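Engineer: To be precise about what I am sending: the file is called start31.cif and holds mmCIF, C-alpha atoms.
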```
data_final
loop_
_atom_site.group_PDB
_atom_site.id
_atom_site.type_symbol
_atom_site.label_atom_id
_atom_site.label_comp_id
_atom_site.auth_asym_id
_atom_site.auth_seq_id
_atom_site.Cartn_x
_atom_site.Cartn_y
_atom_site.Cartn_z
ATOM 1 C CA MET A 1 -13.452 10.280 -79.461
ATOM 2 C CA GLN A 2 -14.718 11.125 -75.980
ATOM 3 C CA ASP A 3 -14.918 14.714 -74.777
ATOM 4 C CA LYS A 4 -11.887 15.199 -72.528
ATOM 5 C CA THR A 5 -13.696 17.889 -70.535
ATOM 6 C CA LYS A 6 -15.655 14.999 -69.025
ATOM 7 C CA LYS A 7 -12.500 13.603 -67.436
ATOM 8 C CA LEU A 8 -12.116 13.520 -63.645
ATOM 9 C CA PRO A 9 -8.903 14.333 -61.737
ATOM 10 C CA ARG A 10 -6.717 11.751 -60.081
ATOM 11 C CA TRP A 11 -6.404 12.066 -56.323
ATOM 12 C CA TYR A 12 -2.871 13.463 -56.317
ATOM 13 C CA PHE A 13 -3.336 16.177 -58.963
ATOM 14 C CA GLY A 14 -4.150 18.834 -56.357
ATOM 15 C CA GLY A 15 -0.846 18.296 -54.565
ATOM 16 C CA LEU A 16 1.199 18.413 -57.771
ATOM 17 C CA ALA A 17 -0.613 21.529 -58.970
ATOM 18 C CA SER A 18 -0.118 23.280 -55.620
ATOM 19 C CA VAL A 19 3.613 22.555 -55.610
ATOM 20 C CA GLY A 20 3.899 24.017 -59.096
ATOM 21 C CA ALA A 21 1.997 27.127 -58.023
ATOM 22 C CA VAL A 22 4.014 27.740 -54.864
ATOM 23 C CA CYS A 23 7.240 27.857 -56.875
ATOM 24 C CA PHE A 24 5.911 31.118 -58.337
ATOM 25 C CA THR A 25 4.175 32.585 -55.278
ATOM 26 C CA HIS A 26 6.583 31.742 -52.442
ATOM 27 C CA PRO A 27 8.156 35.243 -52.244
ATOM 28 C CA LEU A 28 4.714 36.753 -51.615
ATOM 29 C CA ASP A 29 4.083 34.256 -48.812
ATOM 30 C CA LEU A 30 7.478 35.133 -47.313
ATOM 31 C CA ILE A 31 6.630 38.845 -47.315
ATOM 32 C CA LYS A 32 3.268 38.099 -45.704
ATOM 33 C CA VAL A 33 4.890 36.158 -42.838
ATOM 34 C CA HIS A 34 7.388 38.968 -42.205
ATOM 35 C CA LEU A 35 4.594 41.547 -42.096
ATOM 36 C CA GLN A 36 2.547 39.424 -39.711
ATOM 37 C CA THR A 37 5.398 38.884 -37.241
ATOM 38 C CA SER A 38 7.045 42.304 -37.382
ATOM 39 C CA SER A 39 6.489 44.944 -34.708
ATOM 40 C CA VAL A 40 7.574 47.644 -37.176
ATOM 41 C CA LYS A 41 5.087 47.877 -40.025
ATOM 42 C CA HIS A 42 6.296 48.313 -43.597
ATOM 43 C CA GLY A 43 4.506 48.303 -46.883
ATOM 44 C CA MET A 44 4.605 45.194 -49.016
ATOM 45 C CA LEU A 45 7.216 46.550 -51.466
ATOM 46 C CA LYS A 46 9.485 47.910 -48.725
ATOM 47 C CA GLN A 47 9.300 44.634 -46.824
ATOM 48 C CA GLY A 48 10.298 42.780 -49.996
ATOM 49 C CA ILE A 49 13.298 45.083 -50.432
ATOM 50 C CA ILE A 50 14.328 44.537 -46.797
ATOM 51 C CA ILE A 51 14.209 40.768 -47.291
ATOM 52 C CA TYR A 52 16.157 41.041 -50.542
ATOM 53 C CA ARG A 53 18.885 43.120 -48.901
ATOM 54 C CA SER A 54 19.062 40.902 -45.818
ATOM 55 C CA ASN A 55 21.347 38.522 -47.693
ATOM 56 C CA ASN A 56 23.658 41.155 -49.156
ATOM 57 C CA GLY A 57 22.016 41.552 -52.550
ATOM 58 C CA GLY A 58 22.995 39.880 -55.788
ATOM 59 C CA PHE A 59 22.014 36.259 -56.224
ATOM 60 C CA GLY A 60 22.007 35.885 -52.473
ATOM 61 C CA GLY A 61 19.353 38.586 -52.257
ATOM 62 C CA PHE A 62 17.159 36.883 -54.819
ATOM 63 C CA LYS A 63 17.726 33.581 -53.060
ATOM 64 C CA SER A 64 16.575 35.127 -49.782
ATOM 65 C CA LEU A 65 13.123 35.664 -51.338
ATOM 66 C CA TYR A 66 12.863 31.877 -51.575
ATOM 67 C CA SER A 67 13.885 31.183 -47.993
ATOM 68 C CA GLY A 68 11.913 28.168 -46.771
ATOM 69 C CA LEU A 69 10.817 27.022 -50.242
ATOM 70 C CA THR A 70 11.355 23.336 -49.417
ATOM 71 C CA ALA A 71 9.037 23.705 -46.429
ATOM 72 C CA SER A 72 6.421 25.409 -48.617
ATOM 73 C CA MET A 73 6.646 22.537 -51.075
ATOM 74 C CA GLY A 74 6.438 20.026 -48.220
ATOM 75 C CA ARG A 75 3.370 21.820 -46.917
ATOM 76 C CA GLN A 76 1.664 21.637 -50.296
ATOM 77 C CA MET A 77 2.429 17.927 -50.618
ATOM 78 C CA THR A 78 0.811 17.324 -47.229
ATOM 79 C CA TYR A 79 -1.815 20.034 -46.703
ATOM 80 C CA SER A 80 -2.967 20.665 -50.266
ATOM 81 C CA LEU A 81 -2.628 17.106 -51.482
ATOM 82 C CA THR A 82 -4.770 15.912 -48.572
ATOM 83 C CA ARG A 83 -7.506 18.524 -48.912
ATOM 84 C CA PHE A 84 -7.854 18.196 -52.691
ATOM 85 C CA ALA A 85 -7.759 14.413 -52.514
ATOM 86 C CA ALA A 86 -10.281 14.321 -49.650
ATOM 87 C CA TYR A 87 -12.595 16.705 -51.490
ATOM 88 C CA ASP A 88 -12.445 14.748 -54.762
ATOM 89 C CA LEU A 89 -12.910 11.382 -53.044
ATOM 90 C CA MET A 90 -15.790 12.565 -50.836
ATOM 91 C CA LYS A 91 -17.407 14.268 -53.818
ATOM 92 C CA SER A 92 -17.204 11.039 -55.806
ATOM 93 C CA SER A 93 -18.606 9.070 -52.887
ATOM 94 C CA VAL A 94 -21.554 11.442 -52.382
ATOM 95 C CA THR A 95 -22.494 11.854 -56.035
ATOM 96 C CA GLY A 96 -21.322 8.578 -57.551
ATOM 97 C CA ASP A 97 -19.835 10.795 -60.288
ATOM 98 C CA LYS A 98 -23.407 11.215 -61.613
ATOM 99 C CA ARG A 99 -24.095 14.831 -60.635
ATOM 100 C CA ASN A 100 -22.575 17.987 -59.176
ATOM 101 C CA LEU A 101 -22.582 18.579 -55.451
ATOM 102 C CA TYR A 102 -25.286 20.885 -54.164
ATOM 103 C CA THR A 103 -23.988 24.176 -52.783
ATOM 104 C CA TYR A 104 -24.332 23.157 -49.134
ATOM 105 C CA GLU A 105 -22.609 19.846 -49.942
ATOM 106 C CA LYS A 106 -19.727 21.725 -51.554
ATOM 107 C CA VAL A 107 -19.250 23.834 -48.428
ATOM 108 C CA LEU A 108 -19.442 20.880 -46.020
ATOM 109 C CA VAL A 109 -17.202 18.606 -48.076
ATOM 110 C CA ALA A 110 -14.664 21.385 -48.699
ATOM 111 C CA PHE A 111 -14.535 22.371 -45.022
ATOM 112 C CA ALA A 112 -14.077 18.733 -43.954
ATOM 113 C CA GLY A 113 -11.360 18.145 -46.537
ATOM 114 C CA GLY A 114 -9.627 21.371 -45.573
ATOM 115 C CA CYS A 115 -9.613 20.447 -41.891
ATOM 116 C CA MET A 116 -8.006 17.111 -42.736
ATOM 117 C CA GLY A 117 -5.362 18.906 -44.765
ATOM 118 C CA GLY A 118 -4.758 21.410 -41.979
ATOM 119 C CA VAL A 119 -3.944 18.679 -39.469
ATOM 120 C CA VAL A 120 -1.726 16.717 -41.849
ATOM 121 C CA GLY A 121 0.094 19.822 -43.041
ATOM 122 C CA THR A 122 0.783 21.488 -39.679
ATOM 123 C CA PRO A 123 4.335 20.120 -39.119
ATOM 124 C CA CYS A 124 5.558 21.315 -42.525
ATOM 125 C CA ASP A 125 3.664 24.576 -42.055
ATOM 126 C CA LEU A 126 5.456 25.123 -38.743
ATOM 127 C CA VAL A 127 8.854 24.616 -40.391
ATOM 128 C CA ASN A 128 7.767 26.870 -43.253
ATOM 129 C CA VAL A 129 6.880 29.774 -40.938
ATOM 130 C CA ARG A 130 10.113 29.392 -38.968
ATOM 131 C CA MET A 131 12.323 29.211 -42.054
ATOM 132 C CA GLN A 132 10.657 32.264 -43.568
ATOM 133 C CA ASN A 133 11.020 34.260 -40.348
ATOM 134 C CA ASP A 134 14.628 33.232 -39.641
ATOM 135 C CA SER A 135 16.297 36.142 -41.441
ATOM 136 C CA LYS A 136 14.591 38.614 -39.070
ATOM 137 C CA LEU A 137 16.252 37.107 -36.002
ATOM 138 C CA PRO A 138 19.694 37.991 -34.605
ATOM 139 C CA LEU A 139 22.400 35.665 -35.916
ATOM 140 C CA ASP A 140 22.761 33.854 -32.593
ATOM 141 C CA GLN A 141 19.002 33.144 -32.442
ATOM 142 C CA ARG A 142 18.481 31.822 -35.950
ATOM 143 C CA ARG A 143 17.465 28.197 -36.328
ATOM 144 C CA ASN A 144 19.169 27.784 -39.715
ATOM 145 C CA TYR A 145 17.203 24.768 -40.873
ATOM 146 C CA LYS A 146 18.843 23.407 -44.025
ATOM 147 C CA HIS A 147 15.572 22.196 -45.503
ATOM 148 C CA VAL A 148 12.149 20.954 -44.466
ATOM 149 C CA PHE A 149 13.370 17.508 -43.381
ATOM 150 C CA ASP A 150 16.158 19.027 -41.281
ATOM 151 C CA GLY A 151 13.610 21.302 -39.622
ATOM 152 C CA LEU A 152 11.185 18.470 -38.872
ATOM 153 C CA THR A 153 13.956 16.280 -37.454
ATOM 154 C CA ARG A 154 15.501 18.963 -35.271
ATOM 155 C CA ILE A 155 12.178 20.120 -33.852
ATOM 156 C CA TYR A 156 11.269 16.523 -33.017
ATOM 157 C CA LYS A 157 14.632 15.838 -31.341
ATOM 158 C CA THR A 158 15.141 19.116 -29.466
ATOM 159 C CA GLU A 159 11.630 20.386 -28.739
ATOM 160 C CA GLY A 160 9.496 17.273 -28.735
ATOM 161 C CA ARG A 161 6.850 15.749 -30.927
ATOM 162 C CA ALA A 162 4.065 17.953 -29.529
ATOM 163 C CA VAL A 163 5.752 21.130 -30.797
ATOM 164 C CA LEU A 164 5.375 19.902 -34.372
ATOM 165 C CA MET A 165 1.629 20.435 -33.946
ATOM 166 C CA ASN A 166 1.900 23.995 -32.556
ATOM 167 C CA GLY A 167 -0.920 26.079 -33.967
ATOM 168 C CA TYR A 168 -2.789 23.135 -35.442
ATOM 169 C CA GLU A 169 -6.103 24.517 -34.172
ATOM 170 C CA MET A 170 -5.774 27.728 -36.177
ATOM 171 C CA ALA A 171 -4.145 25.924 -39.094
ATOM 172 C CA THR A 172 -7.027 23.446 -39.236
ATOM 173 C CA LEU A 173 -9.784 26.055 -39.020
ATOM 174 C CA ARG A 174 -7.993 28.268 -41.545
ATOM 175 C CA ALA A 175 -7.498 25.330 -43.895
ATOM 176 C CA GLY A 176 -11.188 24.482 -43.698
ATOM 177 C CA MET A 177 -12.241 28.041 -44.525
ATOM 178 C CA MET A 178 -9.576 28.409 -47.218
ATOM 179 C CA THR A 179 -10.777 25.226 -48.881
ATOM 180 C CA VAL A 180 -14.350 26.482 -48.867
ATOM 181 C CA GLY A 181 -13.126 29.605 -50.651
ATOM 182 C CA GLN A 182 -10.664 27.994 -53.038
ATOM 183 C CA ILE A 183 -12.398 24.726 -53.926
ATOM 184 C CA ALA A 184 -16.114 24.961 -53.137
ATOM 185 C CA MET A 185 -16.449 28.483 -54.502
ATOM 186 C CA TYR A 186 -14.341 27.667 -57.554
ATOM 187 C CA GLU A 187 -16.608 24.776 -58.444
ATOM 188 C CA LEU A 188 -19.686 26.937 -57.833
ATOM 189 C CA PHE A 189 -18.365 29.743 -60.040
ATOM 190 C CA LYS A 190 -17.297 27.276 -62.728
ATOM 191 C CA GLU A 191 -20.709 25.595 -62.815
ATOM 192 C CA LYS A 192 -22.387 28.981 -63.178
ATOM 193 C CA ALA A 193 -19.940 29.965 -65.927
ATOM 194 C CA LEU A 194 -20.569 26.778 -67.894
ATOM 195 C CA LYS A 195 -24.329 27.255 -67.581
ATOM 196 C CA LEU A 196 -23.899 30.760 -69.021
ATOM 197 C CA GLY A 197 -22.250 29.268 -72.088
ATOM 198 C CA MET A 198 -18.565 29.571 -71.264
ATOM 199 C CA SER A 199 -16.310 26.696 -72.317
ATOM 200 C CA ASP A 200 -14.308 24.415 -70.016
ATOM 201 C CA ASN A 201 -11.038 26.055 -71.022
ATOM 202 C CA VAL A 202 -8.130 28.021 -69.582
ATOM 203 C CA PHE A 203 -9.951 31.365 -69.745
ATOM 204 C CA THR A 204 -12.839 30.014 -67.669
ATOM 205 C CA HIS A 205 -10.412 28.408 -65.225
ATOM 206 C CA LEU A 206 -8.572 31.740 -64.838
ATOM 207 C CA PHE A 207 -11.752 33.731 -64.320
ATOM 208 C CA CYS A 208 -13.358 31.372 -61.796
ATOM 209 C CA SER A 209 -10.151 30.755 -59.851
ATOM 210 C CA SER A 210 -9.583 34.525 -59.505
ATOM 211 C CA LEU A 211 -12.991 34.875 -57.861
ATOM 212 C CA ALA A 212 -12.264 31.868 -55.652
ATOM 213 C CA GLY A 213 -8.952 33.420 -54.601
ATOM 214 C CA ILE A 214 -10.731 36.561 -53.411
ATOM 215 C CA CYS A 215 -13.115 34.415 -51.366
ATOM 216 C CA GLY A 216 -10.247 32.434 -49.857
ATOM 217 C CA ALA A 217 -8.425 35.601 -48.762
ATOM 218 C CA ALA A 218 -11.543 37.165 -47.285
ATOM 219 C CA TYR A 219 -12.499 34.079 -45.279
ATOM 220 C CA THR A 220 -9.126 33.356 -43.733
ATOM 221 C CA MET A 221 -7.095 36.486 -43.005
ATOM 222 C CA PRO A 222 -7.605 36.703 -39.192
ATOM 223 C CA LEU A 223 -7.036 32.957 -38.858
ATOM 224 C CA ASP A 224 -3.874 33.202 -40.945
ATOM 225 C CA VAL A 225 -2.464 35.940 -38.719
ATOM 226 C CA MET A 226 -3.087 33.879 -35.589
ATOM 227 C CA LYS A 227 -1.672 30.708 -37.132
ATOM 228 C CA THR A 228 1.540 32.514 -38.047
ATOM 229 C CA ARG A 229 1.928 34.097 -34.618
ATOM 230 C CA ILE A 230 1.289 30.889 -32.680
ATOM 231 C CA MET A 231 3.648 28.850 -34.851
ATOM 232 C CA ASN A 232 6.417 31.448 -34.580
ATOM 233 C CA ALA A 233 5.998 32.065 -30.824
ATOM 234 C CA ASP A 234 8.614 31.065 -28.280
ATOM 235 C CA LYS A 235 7.670 28.139 -26.088
ATOM 236 C CA GLY A 236 5.347 29.240 -23.282
ATOM 237 C CA LYS A 237 4.467 32.635 -24.774
ATOM 238 C CA TYR A 238 0.837 31.639 -25.171
ATOM 239 C CA THR A 239 -1.098 29.313 -22.871
ATOM 240 C CA GLY A 240 -3.624 28.513 -25.565
ATOM 241 C CA VAL A 241 -5.555 29.799 -28.546
ATOM 242 C CA VAL A 242 -7.795 32.119 -26.486
ATOM 243 C CA HIS A 243 -4.765 33.653 -24.761
ATOM 244 C CA ALA A 244 -3.024 34.094 -28.122
ATOM 245 C CA VAL A 245 -6.045 35.865 -29.628
ATOM 246 C CA ALA A 246 -6.480 38.107 -26.566
ATOM 247 C CA SER A 247 -2.779 39.017 -26.447
ATOM 248 C CA THR A 248 -2.725 39.804 -30.151
ATOM 249 C CA ALA A 249 -5.838 41.996 -29.897
ATOM 250 C CA LYS A 250 -4.376 43.831 -26.909
ATOM 251 C CA GLU A 251 -1.177 44.444 -28.831
ATOM 252 C CA GLY A 252 -2.700 46.055 -31.915
ATOM 253 C CA GLY A 253 -6.484 46.054 -31.809
ATOM 254 C CA LEU A 254 -8.735 44.513 -34.431
ATOM 255 C CA LYS A 255 -6.663 45.823 -37.340
ATOM 256 C CA ILE A 256 -3.750 43.598 -36.362
ATOM 257 C CA PHE A 257 -5.788 40.580 -37.435
ATOM 258 C CA PHE A 258 -5.530 41.900 -40.993
ATOM 259 C CA SER A 259 -1.776 42.537 -40.932
ATOM 260 C CA GLY A 260 -0.314 41.593 -44.272
ATOM 261 C CA PHE A 261 -3.725 41.463 -45.950
ATOM 262 C CA GLY A 262 -2.379 43.024 -49.154
ATOM 263 C CA PRO A 263 0.373 40.483 -49.795
ATOM 264 C CA ALA A 264 -1.824 37.698 -48.455
ATOM 265 C CA ALA A 265 -4.572 38.520 -50.954
ATOM 266 C CA ILE A 266 -2.058 39.069 -53.727
ATOM 267 C CA ARG A 267 -0.460 35.719 -52.878
ATOM 268 C CA ILE A 268 -3.680 33.748 -52.464
ATOM 269 C CA MET A 269 -5.112 34.915 -55.765
ATOM 270 C CA PRO A 270 -2.203 33.821 -58.001
ATOM 271 C CA GLN A 271 -1.710 30.713 -55.854
ATOM 272 C CA THR A 272 -5.375 29.833 -56.385
ATOM 273 C CA VAL A 273 -5.289 30.698 -60.084
ATOM 274 C CA LEU A 274 -2.090 28.769 -60.815
ATOM 275 C CA THR A 275 -3.176 25.783 -58.742
ATOM 276 C CA TRP A 276 -6.471 25.475 -60.588
ATOM 277 C CA VAL A 277 -4.966 26.102 -64.022
ATOM 278 C CA PHE A 278 -2.346 23.409 -63.378
ATOM 279 C CA LYS A 279 -4.873 21.010 -61.848
ATOM 280 C CA GLU A 280 -7.355 21.474 -64.667
ATOM 281 C CA GLN A 281 -4.666 20.907 -67.292
ATOM 282 C CA LEU A 282 -3.580 17.755 -65.474
ATOM 283 C CA ARG A 283 -7.222 16.645 -65.446
ATOM 284 C CA LEU A 284 -7.755 17.331 -69.138
ATOM 285 C CA GLU A 285 -4.520 15.652 -70.232
ATOM 286 C CA PHE A 286 -4.014 12.868 -67.677
ATOM 287 C CA GLY A 287 -7.370 12.423 -65.922
ATOM 288 C CA PHE A 288 -9.769 9.517 -66.346
ATOM 289 C CA TYR A 289 -13.293 9.020 -67.629
ATOM 290 C CA PRO A 290 -15.635 7.952 -64.803
ATOM 291 C CA ASP A 291 -16.863 4.905 -66.727
ATOM 292 C CA LYS A 292 -13.291 3.657 -67.178
ATOM 293 C CA GLN A 293 -12.026 4.031 -63.597
#
```
Any chance you could give the structure as structure tokens?

Structural biologist:
Amino acid sequence: MQDKTKKLPRWYFGGLASVGAVCFTHPLDLIKVHLQTSSVKHGMLKQGIIIYRSNNGGFGGFKSLYSGLTASMGRQMTYSLTRFAAYDLMKSSVTGDKRNLYTYEKVLVAFAGGCMGGVVGTPCDLVNVRMQNDSKLPLDQRRNYKHVFDGLTRIYKTEGRAVLMNGYEMATLRAGMMTVGQIAMYELFKEKALKLGMSDNVFTHLFCSSLAGICGAAYTMPLDVMKTRIMNADKGKYTGVVHAVASTAKEGGLKIFFSGFGPAAIRIMPQTVLTWVFKEQLRLEFGFYPDKQ
């Protein structure tokens, strides 16, 4: 019997794993967006309570913590599926499945794959940010998208196709850096762990993905703040990325670029851990041996 740790992932495993992970971490992402777009600063716990109470408590309150979940899932099935698939396919092309990528190759391939995912995922990301931020707006200003497809359709019909790509520059750069942290660094940490004698099992996956999550948060926080602000801005508020960055810095100084860092880091770490645990289990159980592809 062949060693199943030698199996490779199928191209869509990253998207499926990311969707599974976001079902657990979405409330943390929601809190992060509220912190990044609020002029009144609250702690992470207090902001969560405010969101919970915004829908009158009870089941409605719990449901409010999952506002925009369909858009988050849509984002993962565009952004994450693309970046994981691109990384795995480019890795296979470069190495012929005969060796590991060198460190510089990991970084370059991950950044390229992440940028692809950032572009593809921007429309769903835009809807995601808007749906998550909706409860903060006065009732007469809320967009009230029913789900991700309703949001995409209404933006296209009422605001134009170009608006669907609002913030794609920041989203693309952030996605590239996030992928370097989450994928390239995970593979680097895992290779080191295996060389030190650790097994290709859940414990190793948990340990290495936790380190990768820290890297992802550290690399992307300022970009994440700008992406959220640009995507949530009213039409015409910013003339471009440079204007958006300058206006944001003028508003709150350098520290504003790390607004919501706590919940962002807390979200990215479990998101990274769960994604990799799910993806690795999919690989071990349903992946393929390179000589049988």

Engineer: I need the output of the PyMOL selection byres ((chain A and resi 28-35) around 10) for this file as an MDAnalysis selection string; which residues are they?

Structural biologist: chainID A and resid 22 24:27 36:51 64:69 72 128:136 224:225 228:229 232 259:268 270:271

Engineer: Just checking: using all atoms listed in the file, which residue out of A:Gln281, A:Asp291, A:Val119, A:Tyr52 ends up closest to A:Asp200?

Structural biologist: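 For A:Asp200, the nearest of the given residues is A:Gln281.
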
Engineer: What does the distance from atom CA of A:His205 to atom CA of A:Lys6 come to in Å, to one decimal?

Structural biologist: 14.9 Å

Engineer: Just want the 7 Å neighbourhood of stretch 105-116 of chain A, counted on only C-alpha atoms, with same-chain residues fewer than 5 positions away dropped. Output as a list in words.

Structural biologist: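 The filter keeps Thr82, Arg83, Ala86, Tyr87, Met90, Thr172, Leu173, Ala175, Gly176, Met177, Thr179, Val180, Ile183 and Ala184 of chain A.
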
Engineer: If I take atom CA of A:Lys195 and atom CA of A:Gln182, how far is one from the other in Å, to one decimal?

Structural biologist: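 For atom CA of A:Lys195 relative to atom CA of A:Gln182, the distance reads 20.0 Å.
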